[in-house]
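Peer 1: My structure is in final_35.txt, and what it holds is compact mmCIF, C-alpha atoms and all ligand atoms:
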# COMPACT_ATOMS: atom_id res chain seq x y z
CA MET X 16 8.08 9.95 -9.32
CA LEU X 17 8.51 7.33 -12.03
CA THR X 18 9.44 4.59 -9.63
CA GLN X 19 7.02 5.47 -6.87
CA ALA X 20 3.34 4.62 -6.83
CA PRO X 21 1.00 7.53 -6.01
CA LYS X 22 0.50 8.13 -2.29
CA GLY X 23 -2.15 5.92 -0.76
CA THR X 24 -1.90 3.18 -3.39
CA ARG X 25 0.00 -0.07 -3.05
CA ASP X 26 0.87 -3.09 -5.13
CA ILE X 27 -0.44 -6.44 -4.05
CA LEU X 28 2.64 -8.50 -4.68
CA PRO X 29 2.82 -12.09 -5.95
CA ASP X 30 3.93 -13.42 -2.58
CA GLU X 31 0.86 -12.03 -0.80
CA ILE X 32 -1.76 -12.47 -3.51
CA TYR X 33 -2.73 -15.87 -2.07
CA LYS X 34 -4.23 -14.06 0.91
CA TRP X 35 -6.50 -12.10 -1.40
CA HIS X 36 -7.43 -15.20 -3.40
CA TYR X 37 -8.25 -16.98 -0.16
CA ILE X 38 -10.56 -14.24 1.08
CA GLU X 39 -12.17 -13.88 -2.35
CA LYS X 40 -12.88 -17.63 -2.41
CA VAL X 41 -14.38 -17.61 1.08
CA ILE X 42 -16.56 -14.66 0.05
CA GLU X 43 -17.62 -16.34 -3.19
CA LYS X 44 -18.64 -19.55 -1.43
CA LEU X 45 -20.39 -17.69 1.35
CA CYS X 46 -22.37 -15.49 -1.03
CA LYS X 47 -23.43 -18.55 -2.98
CA CYS X 48 -24.78 -20.12 0.24
CA PHE X 49 -26.79 -16.96 0.87
CA GLY X 50 -28.02 -16.68 -2.72
CA TYR X 51 -26.08 -13.51 -3.68
CA LYS X 52 -24.66 -13.21 -7.21
CA GLU X 53 -21.60 -11.23 -8.21
CA ILE X 54 -21.88 -7.95 -10.09
CA ARG X 55 -19.00 -6.00 -11.66
CA ILE X 56 -19.50 -2.32 -12.32
CA PRO X 57 -17.31 0.39 -13.89
CA VAL X 58 -14.49 2.07 -12.00
CA PHE X 59 -15.92 5.48 -12.94
CA GLU X 60 -19.41 6.91 -13.22
CA HIS X 61 -20.96 10.30 -13.91
CA THR X 62 -20.10 12.52 -10.95
CA GLU X 63 -23.77 13.37 -10.55
CA LEU X 64 -24.56 9.79 -9.57
CA PHE X 65 -22.41 10.10 -6.46
CA GLN X 66 -23.58 13.64 -5.71
CA ARG X 67 -27.15 12.37 -5.72
CA GLY X 68 -26.60 8.84 -4.48
CA VAL X 69 -23.98 9.33 -1.79
CA GLY X 70 -25.14 12.87 -0.99
CA ASP X 71 -23.47 16.19 -1.64
CA THR X 72 -23.20 17.08 2.05
CA THR X 73 -21.11 14.00 2.86
CA ASP X 74 -17.35 14.01 3.49
CA ILE X 75 -16.96 11.54 0.64
CA VAL X 76 -18.45 13.86 -1.96
CA GLN X 77 -17.22 17.12 -0.44
CA LYS X 78 -13.64 16.12 0.26
CA GLU X 79 -12.69 12.65 -0.91
CA MET X 80 -13.78 12.14 -4.52
CA TYR X 81 -11.43 11.85 -7.49
CA THR X 82 -13.34 14.00 -9.96
CA PHE X 83 -12.16 15.17 -13.37
CA PRO X 84 -13.56 16.24 -16.73
CA ASP X 85 -13.05 13.65 -19.49
CA LYS X 86 -12.03 14.67 -23.00
CA GLY X 87 -15.69 15.06 -23.95
CA GLY X 88 -16.21 17.57 -21.14
CA ARG X 89 -18.27 15.24 -18.91
CA SER X 90 -17.61 15.26 -15.18
CA ILE X 91 -16.43 11.81 -14.19
CA SER X 92 -15.60 10.42 -10.74
CA LEU X 93 -13.78 7.31 -9.65
CA ARG X 94 -16.17 5.29 -7.50
CA PRO X 95 -15.79 6.31 -3.83
CA GLU X 96 -18.08 3.41 -2.79
CA GLY X 97 -19.96 0.63 -4.52
CA THR X 98 -23.63 1.12 -3.74
CA ALA X 99 -24.40 4.05 -6.06
CA GLY X 100 -22.99 2.23 -9.10
CA VAL X 101 -24.90 -0.93 -8.26
CA VAL X 102 -28.10 1.08 -7.85
CA ARG X 103 -27.50 2.71 -11.24
CA SER X 104 -27.03 -0.75 -12.74
CA TYR X 105 -30.17 -2.08 -11.02
CA ILE X 106 -32.19 0.70 -12.63
CA GLU X 107 -30.47 0.68 -16.02
CA ASN X 108 -30.74 -3.09 -16.44
CA GLY X 109 -34.40 -3.31 -15.46
CA MET X 110 -33.74 -5.43 -12.38
CA ALA X 111 -36.78 -3.85 -10.73
CA SER X 112 -39.03 -5.92 -12.99
CA MET X 113 -37.29 -9.20 -12.15
CA PRO X 114 -38.35 -11.38 -9.20
CA GLN X 115 -37.44 -9.59 -5.95
CA PRO X 116 -35.38 -9.49 -3.87
CA ILE X 117 -32.38 -8.99 -6.12
CA LYS X 118 -29.33 -10.09 -4.15
CA LEU X 119 -25.90 -8.94 -5.34
CA TYR X 120 -22.30 -8.83 -4.13
CA TYR X 121 -19.07 -7.30 -5.36
CA ASN X 122 -15.34 -7.10 -4.72
CA LEU X 123 -14.19 -3.71 -5.97
CA ALA X 124 -11.32 -1.26 -5.82
CA ILE X 125 -12.55 2.01 -4.28
CA TYR X 126 -10.99 5.47 -4.58
CA ARG X 127 -10.99 8.20 -1.94
CA TYR X 128 -8.69 11.17 -1.51
CA GLU X 129 -7.90 10.59 2.17
CA ASN X 130 -5.26 11.29 4.77
CA VAL X 131 -3.20 8.17 4.35
CA GLN X 132 -2.48 6.12 7.49
CA LYS X 133 -2.37 2.47 8.46
CA GLY X 134 -5.66 0.95 7.30
CA ARG X 135 -6.56 4.13 5.37
CA TYR X 136 -5.55 4.34 1.73
CA ARG X 137 -6.55 6.21 -1.43
CA GLU X 138 -7.10 3.04 -3.38
CA PHE X 139 -8.54 0.22 -1.29
CA HIS X 140 -10.89 -2.72 -1.77
CA GLN X 141 -14.38 -3.41 -0.59
CA PHE X 142 -16.43 -6.54 -0.42
CA GLY X 143 -19.99 -5.32 -0.58
CA VAL X 144 -23.45 -6.79 -0.65
CA GLU X 145 -26.74 -5.20 -1.72
CA ALA X 146 -30.28 -6.59 -1.50
CA PHE X 147 -33.07 -4.76 -3.32
CA GLY X 148 -36.81 -5.04 -3.08
CA SER X 149 -37.49 -6.14 0.48
CA LYS X 150 -38.48 -3.88 3.34
CA GLU X 151 -38.73 -6.76 5.81
CA PRO X 152 -36.45 -6.83 8.86
CA SER X 153 -35.54 -10.40 7.89
CA ILE X 154 -33.37 -9.15 5.01
CA ASP X 155 -31.56 -6.75 7.37
CA VAL X 156 -30.85 -9.75 9.54
CA GLU X 157 -29.73 -11.84 6.56
CA ILE X 158 -27.30 -9.12 5.41
CA ILE X 159 -25.78 -8.80 8.88
CA SER X 160 -25.60 -12.59 9.22
CA ILE X 161 -23.44 -12.82 6.07
CA LEU X 162 -20.81 -10.82 7.95
CA SER X 163 -21.00 -12.75 11.19
CA MET X 164 -20.65 -15.99 9.23
CA LEU X 165 -17.75 -14.53 7.22
CA PHE X 166 -15.86 -13.65 10.41
CA ASP X 167 -16.63 -17.14 11.74
CA ARG X 168 -15.27 -18.81 8.62
CA LEU X 169 -12.13 -16.69 8.71
CA GLY X 170 -11.64 -17.47 12.39
CA LEU X 171 -11.81 -13.81 13.35
CA ASN X 172 -12.63 -12.72 16.91
CA GLN X 173 -13.25 -9.44 18.68
CA VAL X 174 -15.31 -7.83 15.97
CA ASN X 175 -18.29 -6.26 17.63
CA LEU X 176 -21.55 -5.52 15.90
CA ASN X 177 -23.12 -2.14 16.69
CA ILE X 178 -26.55 -1.31 15.34
CA ASN X 179 -28.80 1.71 15.31
CA SER X 180 -31.85 3.00 13.48
CA ILE X 181 -31.81 6.43 11.85
CA GLY X 182 -35.48 6.32 10.95
CA CYS X 183 -37.25 7.35 7.78
CA PRO X 184 -37.86 10.80 6.23
CA ASN X 185 -40.97 11.09 8.44
CA CYS X 186 -39.29 10.72 11.79
CA ARG X 187 -36.22 12.49 10.52
CA SER X 188 -37.87 15.76 9.58
CA ALA X 189 -39.24 16.21 13.11
CA TYR X 190 -35.89 15.14 14.51
CA ASN X 191 -33.95 17.54 12.29
CA GLU X 192 -35.90 20.41 13.84
CA LYS X 193 -34.96 19.15 17.31
CA LEU X 194 -31.33 18.91 16.23
CA LYS X 195 -31.38 22.43 14.88
CA ASP X 196 -32.77 23.69 18.18
CA TYR X 197 -29.97 21.84 19.92
CA PHE X 198 -27.14 23.10 17.68
CA LYS X 199 -28.43 26.66 17.22
CA PRO X 200 -26.86 28.19 20.38
CA SER X 201 -23.43 26.72 19.51
CA ILE X 202 -23.49 27.15 15.74
CA GLN X 203 -20.46 29.48 15.77
CA GLN X 204 -18.36 26.78 17.47
CA LEU X 205 -19.07 24.22 14.70
CA CYS X 206 -16.60 23.66 11.83
CA PHE X 207 -17.14 25.33 8.48
CA ASN X 208 -18.71 22.24 6.90
CA CYS X 209 -21.08 21.69 9.79
CA ARG X 210 -22.24 25.28 9.68
CA ASN X 211 -23.28 24.57 6.11
CA ARG X 212 -24.84 21.27 7.09
CA PHE X 213 -26.90 23.00 9.77
CA GLU X 214 -29.53 24.15 7.25
CA LYS X 215 -29.15 21.47 4.58
CA ASN X 216 -28.76 18.28 6.58
CA PRO X 217 -28.26 18.69 10.33
CA LEU X 218 -28.13 14.91 10.86
CA ARG X 219 -24.82 14.89 9.01
CA ILE X 220 -23.28 17.02 11.77
CA ILE X 221 -23.52 13.98 14.06
CA ASP X 222 -20.98 12.13 11.88
CA CYS X 223 -18.41 14.96 11.90
CA LYS X 224 -14.93 13.93 13.03
CA GLU X 225 -13.67 17.44 13.89
CA GLU X 226 -12.76 17.74 17.60
CA GLN X 227 -14.57 21.07 18.01
CA CYS X 228 -17.79 19.49 16.69
CA LYS X 229 -17.44 16.19 18.53
CA LYS X 230 -17.66 17.96 21.89
CA ILE X 231 -20.95 19.58 20.96
CA ILE X 232 -22.32 16.44 19.31
CA ALA X 233 -21.78 14.37 22.47
CA ASN X 234 -25.01 15.58 24.10
CA ALA X 235 -27.18 15.96 21.01
CA PRO X 236 -30.59 14.21 21.06
CA ALA X 237 -30.45 10.74 19.45
CA LEU X 238 -32.61 9.80 16.50
CA MET X 239 -33.18 6.42 18.12
CA ASP X 240 -35.20 8.18 20.83
CA ASN X 241 -37.33 9.93 18.22
CA LEU X 242 -38.39 7.13 15.85
CA CYS X 243 -41.90 6.87 14.41
CA GLY X 244 -43.99 3.77 15.17
CA GLU X 245 -43.15 2.00 11.92
CA CYS X 246 -39.39 2.50 12.28
CA LEU X 247 -39.48 1.44 15.90
CA ALA X 248 -41.34 -1.77 15.00
CA HIS X 249 -38.86 -2.44 12.19
CA PHE X 250 -35.94 -2.01 14.55
CA GLU X 251 -37.56 -4.37 17.05
CA GLY X 252 -37.91 -6.90 14.22
CA VAL X 253 -34.20 -6.62 13.39
CA LYS X 254 -33.19 -7.08 17.00
CA ALA X 255 -35.44 -10.12 17.41
CA GLY X 256 -34.10 -11.59 14.16
CA LEU X 257 -30.50 -11.21 15.30
CA GLU X 258 -31.34 -12.84 18.60
CA ASN X 259 -33.00 -15.69 16.70
CA LEU X 260 -29.65 -16.36 14.96
CA ASP X 261 -27.73 -15.84 18.17
CA ILE X 262 -25.82 -12.90 16.71
CA LYS X 263 -24.55 -10.64 19.48
CA PHE X 264 -24.96 -6.88 19.06
CA SER X 265 -24.86 -3.59 20.93
CA ILE X 266 -26.99 -0.58 20.23
CA ASP X 267 -24.94 2.53 19.41
CA LYS X 268 -27.15 5.58 19.09
CA ASN X 269 -24.31 7.58 17.56
CA ILE X 270 -23.97 5.59 14.34
CA VAL X 271 -25.38 7.69 11.50
CA ARG X 272 -22.97 6.49 8.76
CA GLY X 273 -21.09 8.70 6.35
CA LEU X 274 -23.53 8.50 3.45
CA ASP X 275 -26.75 10.41 3.10
CA TYR X 276 -28.83 7.60 1.70
CA TYR X 277 -29.36 5.50 4.81
CA THR X 278 -32.75 4.92 6.45
CA LYS X 279 -33.82 2.73 9.37
CA THR X 280 -31.17 0.09 10.17
CA VAL X 281 -27.51 1.15 10.18
CA PHE X 282 -24.69 -0.98 11.53
CA GLU X 283 -20.95 -1.30 11.87
CA PHE X 284 -18.59 -4.09 12.77
CA VAL X 285 -15.86 -2.56 14.85
CA SER X 286 -12.64 -4.23 15.84
CA GLU X 287 -10.69 -3.42 18.94
CA ASP X 288 -7.30 -3.45 17.27
CA VAL X 289 -6.89 -2.03 13.76
CA GLY X 290 -5.34 1.08 15.29
CA THR X 291 -7.62 4.06 14.99
CA GLN X 292 -9.23 2.62 11.82
CA GLY X 293 -11.37 0.26 13.87
CA THR X 294 -14.37 0.03 11.59
CA ILE X 295 -14.00 -3.00 9.36
CA CYS X 296 -17.39 -2.79 7.84
CA GLY X 297 -20.39 -0.51 7.70
CA GLY X 298 -23.78 -0.75 6.15
CA GLY X 299 -27.43 -0.03 6.37
CA ARG X 300 -30.81 0.26 4.78
CA TYR X 301 -31.37 2.80 1.99
CA ASP X 302 -35.06 2.73 1.16
CA GLY X 303 -35.04 6.04 -0.75
CA LEU X 304 -31.90 5.57 -2.80
CA VAL X 305 -33.19 3.81 -5.92
CA GLU X 306 -35.87 6.46 -6.31
CA THR X 307 -33.37 9.27 -5.68
CA CYS X 308 -31.26 7.87 -8.51
CA GLY X 309 -34.21 7.83 -10.93
CA GLY X 310 -35.71 4.35 -10.41
CA PRO X 311 -39.02 3.15 -8.99
CA PRO X 312 -39.48 3.32 -5.19
CA THR X 313 -37.50 0.27 -4.02
CA PRO X 314 -36.25 -0.62 -0.57
CA GLY X 315 -32.65 -1.77 -0.30
CA ILE X 316 -29.96 -2.65 2.18
CA GLY X 317 -26.25 -3.40 1.97
CA PHE X 318 -22.79 -3.08 3.46
CA GLY X 319 -19.20 -2.41 2.46
CA LEU X 320 -16.29 -4.17 4.12
CA GLY X 321 -12.67 -3.05 3.74
CA ILE X 322 -10.51 -5.98 2.67
CA GLU X 323 -7.25 -4.28 3.71
CA ARG X 324 -8.61 -3.68 7.20
CA LEU X 325 -9.88 -7.25 7.34
CA LEU X 326 -6.40 -8.54 6.44
CA LEU X 327 -4.77 -6.28 9.04
CA LYS X 328 -7.16 -7.60 11.62
CA MET X 329 -6.49 -11.22 10.66
CA GLU X 330 -2.77 -10.57 10.81
CA SER X 331 -2.99 -8.98 14.24
CA GLN X 332 -4.85 -12.06 15.48
CA GLY X 333 -2.20 -14.37 14.02
CA ILE X 334 -4.65 -16.10 11.69
CA GLN X 335 -2.70 -18.19 9.19
CA ILE X 336 -4.01 -18.13 5.64
CA PRO X 337 -3.21 -21.39 3.84
CA GLU X 338 -0.31 -20.85 1.44
CA PRO X 339 -0.69 -21.99 -2.15
CA SER X 340 0.76 -25.36 -3.10
CA PRO X 341 4.23 -25.18 -4.66
CA MET X 342 5.04 -26.01 -8.28
CA ASP X 343 5.09 -29.75 -9.06
CA ILE X 344 8.31 -30.29 -10.99
CA TYR X 345 11.44 -28.55 -12.24
CA ILE X 346 13.20 -30.08 -15.24
CA ALA X 347 16.88 -29.28 -14.95
CA SER X 348 18.90 -29.93 -18.09
CA ILE X 349 22.52 -30.25 -19.13
CA GLY X 350 23.44 -29.17 -22.66
CA PRO X 351 21.49 -27.74 -25.61
CA LYS X 352 19.89 -31.01 -26.73
CA ALA X 353 18.49 -31.76 -23.30
CA ASP X 354 17.30 -28.17 -23.03
CA VAL X 355 15.22 -28.55 -26.19
CA PHE X 356 13.85 -31.85 -24.87
CA ALA X 357 13.04 -30.20 -21.54
CA GLN X 358 11.04 -27.44 -23.22
CA ASN X 359 8.95 -30.03 -25.00
CA LEU X 360 8.48 -32.11 -21.85
CA VAL X 361 7.51 -29.12 -19.71
CA TYR X 362 4.91 -28.15 -22.31
CA ARG X 363 3.40 -31.64 -22.31
CA LEU X 364 3.39 -31.78 -18.49
CA ARG X 365 1.58 -28.45 -18.37
CA GLY X 366 -0.89 -29.82 -20.89
CA GLN X 367 -1.77 -32.51 -18.38
CA GLY X 368 -2.35 -29.98 -15.61
CA VAL X 369 1.03 -30.46 -13.93
CA SER X 370 2.79 -27.24 -12.89
CA ALA X 371 6.23 -27.57 -14.42
CA ASP X 372 9.11 -25.30 -15.34
CA LYS X 373 12.63 -25.25 -16.76
CA ASP X 374 15.53 -22.85 -17.01
CA HIS X 375 15.31 -19.73 -19.18
CA MET X 376 18.54 -18.06 -18.10
CA ALA X 377 21.19 -20.42 -19.53
CA LYS X 378 22.06 -21.34 -15.96
CA SER X 379 24.62 -23.97 -14.98
CA LEU X 380 23.21 -27.20 -13.54
CA LYS X 381 24.26 -26.09 -10.06
CA ALA X 382 22.49 -22.77 -10.48
CA GLN X 383 19.37 -24.52 -11.82
CA MET X 384 19.29 -26.77 -8.74
CA LYS X 385 19.72 -23.81 -6.42
CA TYR X 386 16.90 -21.96 -8.16
CA ALA X 387 14.54 -24.94 -8.01
CA ASP X 388 15.30 -25.43 -4.34
CA LYS X 389 14.70 -21.78 -3.54
CA LEU X 390 11.36 -21.72 -5.34
CA GLY X 391 10.24 -24.85 -3.51
CA TYR X 392 9.41 -27.28 -6.33
CA THR X 393 8.16 -30.58 -4.97
CA HIS X 394 10.08 -32.66 -7.57
CA ILE X 395 13.25 -32.20 -9.58
CA ILE X 396 14.60 -34.26 -12.43
CA VAL X 397 17.94 -33.77 -14.17
CA LEU X 398 18.15 -34.57 -17.86
CA GLY X 399 21.32 -34.82 -19.92
CA ASP X 400 21.94 -36.45 -23.29
CA GLU X 401 22.65 -39.73 -21.51
CA GLU X 402 19.32 -39.77 -19.63
CA ILE X 403 17.43 -39.02 -22.80
CA GLU X 404 19.19 -41.71 -24.81
CA SER X 405 18.91 -44.41 -22.15
CA ASN X 406 15.39 -43.30 -21.17
CA LYS X 407 16.50 -43.47 -17.52
CA ALA X 408 16.64 -40.64 -15.00
CA VAL X 409 16.43 -39.90 -11.29
CA LEU X 410 13.30 -38.22 -9.98
CA LYS X 411 13.89 -36.51 -6.66
CA ASN X 412 11.06 -35.78 -4.25
CA MET X 413 12.17 -32.58 -2.53
CA LYS X 414 9.77 -33.00 0.36
CA THR X 415 10.89 -36.48 1.41
CA GLY X 416 14.36 -36.50 -0.12
CA GLU X 417 13.47 -39.81 -1.78
CA GLN X 418 15.18 -40.52 -5.14
CA LYS X 419 13.68 -42.89 -7.66
CA ASP X 420 15.03 -44.34 -10.89
CA ILE X 421 12.36 -43.88 -13.51
CA SER X 422 12.05 -44.04 -17.26
CA VAL X 423 11.92 -40.58 -18.82
CA ASP X 424 8.83 -41.65 -20.77
CA SER X 425 6.90 -42.22 -17.58
CA ILE X 426 7.37 -38.74 -16.03
CA ILE X 427 4.10 -37.37 -17.32
CA ASP X 428 2.04 -40.27 -15.98
CA ARG X 429 3.82 -40.23 -12.66
CA MET X 430 3.45 -36.50 -12.16
CA LYS X 431 -0.18 -36.55 -13.26
CA ASN X 432 -0.90 -39.02 -10.50
CA GLN X 433 0.85 -36.93 -7.83
CA GLY X 434 -2.45 -35.12 -7.55
P1 LIG X 501 -13.99 5.55 8.23
O1 LIG X 501 -14.89 6.10 9.28
O2 LIG X 501 -12.91 4.68 8.77
O3 LIG X 501 -13.49 6.61 7.29
P2 LIG X 501 -16.13 5.03 6.45
O4 LIG X 501 -17.34 5.19 7.27
O5 LIG X 501 -15.70 6.15 5.58
O6 LIG X 501 -14.89 4.56 7.37
P3 LIG X 501 -17.43 3.24 4.65
O7 LIG X 501 -17.70 4.27 3.65
O8 LIG X 501 -18.52 2.71 5.48
O9 LIG X 501 -16.23 3.70 5.59
O10 LIG X 501 -16.68 2.01 3.96
C1 LIG X 501 -16.82 0.68 4.43
C2 LIG X 501 -15.49 0.11 4.86
O11 LIG X 501 -14.48 0.36 3.89
C3 LIG X 501 -14.92 0.67 6.12
O12 LIG X 501 -15.51 0.08 7.22
C4 LIG X 501 -13.46 0.32 6.01
O13 LIG X 501 -13.22 -1.04 6.37
C5 LIG X 501 -13.22 0.45 4.54
N1 LIG X 501 -12.61 1.74 4.25
C6 LIG X 501 -13.20 2.96 4.15
N2 LIG X 501 -12.32 3.91 3.81
C7 LIG X 501 -11.13 3.27 3.66
C8 LIG X 501 -9.81 3.68 3.29
N3 LIG X 501 -9.55 4.94 2.98
N4 LIG X 501 -8.82 2.75 3.23
C9 LIG X 501 -9.08 1.45 3.52
N5 LIG X 501 -10.29 1.00 3.88
C10 LIG X 501 -11.29 1.88 3.95
MG MG X 502 -14.29 7.63 5.70
Output the file's structure in the form of structure tokens.
Peer 2:
Amino acid sequence: MLTQAPKGTRDILPDEIYKWHYIEKVIEKLCKCFGYKEIRIPVFEHTELFQRGVGDTTDIVQKEMYTFPDKGGRSISLRPEGTAGVVRSYIENGMASMPQPIKLYYNLAIYRYENVQKGRYREFHQFGVEAFGSKEPSIDVEIISILSMLFDRLGLNQVNLNINSIGCPNCRSAYNEKLKDYFKPSIQQLCFNCRNRFEKNPLRIIDCKEEQCKKIIANAPALMDNLCGECLAHFEGVKAGLENLDIKFSIDKNIVRGLDYYTKTVFEFVSEDVGTQGTICGGGRYDGLVETCGGPPTPGIGFGLGIERLLLKMESQGIQIPEPSPMDIYIASIGPKADVFAQNLVYRLRGQGVSADKDHMAKSLKAQMKYADKLGYTHIIVLGDEEIESNKAVLKNMKTGEQKDISVDSIIDRMKNQG
């Protein structure tokens, strides 16, 4: 137990962290181009926020949340997605009275009690974007275009965009009745959860992953075929906007998304090869959510993208992420006097922005050289009492093998100019 991380969690180790930094940088630059600012929210919130915001008939709230009472007796949950917390922050911080739209992004750890498999963990990370205040199809298109540009910048192929519209409460209430009529004769064949959903939220049945339900769902009427005039026009606007940007898409009438708050546009980017966990990213419009969570009526739209799945996908396509540059210089030393000198020199080098290191294990010179070679320093210099006294030493460039006689005094200037 002590030496094993909890199931579904993993360490991101120092030799792979550069991949995360790379993606985070690409995201940061991209979001800046689109005018989205970063927001950081707490890891935990009041459970009620997710019950209301995500919806208490969803799999996330019913089966996947990490919920516990804190010492003060409040029910707390680890965030199982990012949107509800961002919505809470939007309301709490009075963003509704600032110039709209408010455009935000985040990179967050997310917690869900799931069946762990490749691409499916209990702690994972999402890059998410939320735009509040606009009901125009153009913002739906902008949100989707962030993703298509992200995949472009990362050099990722074979990620297909599927879109759908799940309408508004108006078209949905008529549709829910149709759905009930459809499911009624087979209600006994549905899973336990879906039998409960039948009265409360029949639309949610469509998203059920149980085999027994999937068979029945296959022929259910689609919401897309039952949209009201306004929702239909909005969807047409989104399609035209995507075409305007030359973003390819397919319409998938079965996307309803796993969260209750969605309205109108919903979409997913699905890859052909992250095993069964093919969905890299999902999102949609949530025009009722801010109000549901206690704020003023405010349209909104966003998405969440799984970074682990993105990395798996990049790996499977052989996309090379640029590795970080190695350390600049290793100061090997012989004897206690040189060691003291080396510590001082390394400190001054670091002060000038040079990445430098020395031995801390009382290693022999041979062992120091082996270590420096293994860690891939670009330069090595060996200092003994003689070098320090004569102010002369040999600087070795490990990339080219070139050796240069230099004065010890000049190391800092030389290394500074290595760039
Ligand atoms: P799935 O159908 O695969 O369970 P979801 O619909 O529950 O996905 P969302 O809630 O839309 O997923 O989350 C957005 C993205 O977060 C997903 O597309 C996926 O890339 C990622 N994601 C979701 N759950 C996990 C998980 N348990 N482990 C890793 N990534 C995940
Ligand atoms: Mg899920």
Peer 1: Can you list, as a VMD selection string, every protein, DNA or RNA residue that comes within 10 Å of range 39-44 of chain X when you count all atoms listed in the file, leaving out same-chain residues fewer than 3 positions away?
Peer 2: chain X and resid 33 to 36 47 to 53 120 to 122 142 to 143 161 to 162 165 168 to 169 322
Peer 1: I'd like to know which of X:Leu242, X:Cys46, X:Leu304, X:Ile295 is closest to ligand MG 502 (chain X), using all atoms listed in the file.
Peer 2: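 The answer is X:Ile295, which sits nearest to ligand MG 502 (chain X).
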Peer 1: Which is closest to ligand LIG 501 (chain X) among X:Lys118, X:Arg67, X:Arg324, X:Lys268, if we use all atoms listed in the file?
Peer 2: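 Smallest distance to ligand LIG 501 (chain X) is found for X:Arg324.
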Peer 1: Taking all atoms listed in the file into account, report as a ChimeraX atom specification which residues have an atom no farther than 9 Å from an atom of ligand LIG 501 (chain X).
Peer 2: /X:23,74-75,95-96,125-143,222,224,272-274,283-285,291-298,318-325
Peer 1: Please, what distance in Å, to one decimal, runs between CA of Ile316 in chain X and CA of Ser286 in chain X?
Peer 2: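 So the answer is 22.1 Å.
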Peer 1: Mind pulling up the distance from CA of Glu226 in chain X to CA of Leu327 in chain X?
Peer 2: 26.7 Å
Peer 1: Set the distance at 12 Å and use all atoms listed in the file: which residues neighbour range 201-203 of chain X once local chain neighbours fewer than 3 positions away are removed? I'd like the list as a PyMOL selection string.
Peer 2: chain X and resi 194-198+206-214+217+220+227-228+230-232+235
Peer 1: Go ahead and save the picked residues with C-alpha atoms, as an mmCIF file, in the coordinates of the input.
Peer 2:
data_model
loop_
_atom_site.group_PDB
_atom_site.id
_atom_site.type_symbol
_atom_site.label_atom_id
_atom_site.label_comp_id
_atom_site.auth_asym_id
_atom_site.auth_seq_id
_atom_site.Cartn_x
_atom_site.Cartn_y
_atom_site.Cartn_z
ATOM 1 C CA LEU X 194 -31.330 18.910 16.230
ATOM 2 C CA LYS X 195 -31.380 22.430 14.880
ATOM 3 C CA ASP X 196 -32.770 23.690 18.180
ATOM 4 C CA TYR X 197 -29.970 21.840 19.920
ATOM 5 C CA PHE X 198 -27.140 23.100 17.680
ATOM 6 C CA CYS X 206 -16.600 23.660 11.830
ATOM 7 C CA PHE X 207 -17.140 25.330 8.480
ATOM 8 C CA ASN X 208 -18.710 22.240 6.900
ATOM 9 C CA CYS X 209 -21.080 21.690 9.790
ATOM 10 C CA ARG X 210 -22.240 25.280 9.680
ATOM 11 C CA ASN X 211 -23.280 24.570 6.110
ATOM 12 C CA ARG X 212 -24.840 21.270 7.090
ATOM 13 C CA PHE X 213 -26.900 23.000 9.770
ATOM 14 C CA GLU X 214 -29.530 24.150 7.250
ATOM 15 C CA PRO X 217 -28.260 18.690 10.330
ATOM 16 C CA ILE X 220 -23.280 17.020 11.770
ATOM 17 C CA GLN X 227 -14.570 21.070 18.010
ATOM 18 C CA CYS X 228 -17.790 19.490 16.690
ATOM 19 C CA LYS X 230 -17.660 17.960 21.890
ATOM 20 C CA ILE X 231 -20.950 19.580 20.960
ATOM 21 C CA ILE X 232 -22.320 16.440 19.310
ATOM 22 C CA ALA X 235 -27.180 15.960 21.010
#
Peer 1: Between X:Glu79, X:Asp428, X:Asp343, X:Asp267, which has the minimum distance to ligand MG 502 (chain X) (counting all atoms listed in the file)?
Peer 2: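 Among the listed residues, the smallest separation from ligand MG 502 (chain X) belongs to X:Glu79.
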Peer 1: I'd like the contact shell of Cys243 in chain X - 8 Å cut-off, all atoms listed in the file, skipping same-chain residues fewer than 2 positions apart - returned as an MDAnalysis selection string.
Peer 2: chainID X and resid 182 185:186 241 245:247
Peer 1: Got a sec: who's within 9 Å of range 411-419 of chain X, counting only C-alpha atoms, leaving out chain neighbours fewer than 6 positions off, as a PyMOL selection string?
Peer 2: chain X and resi 388+391-397
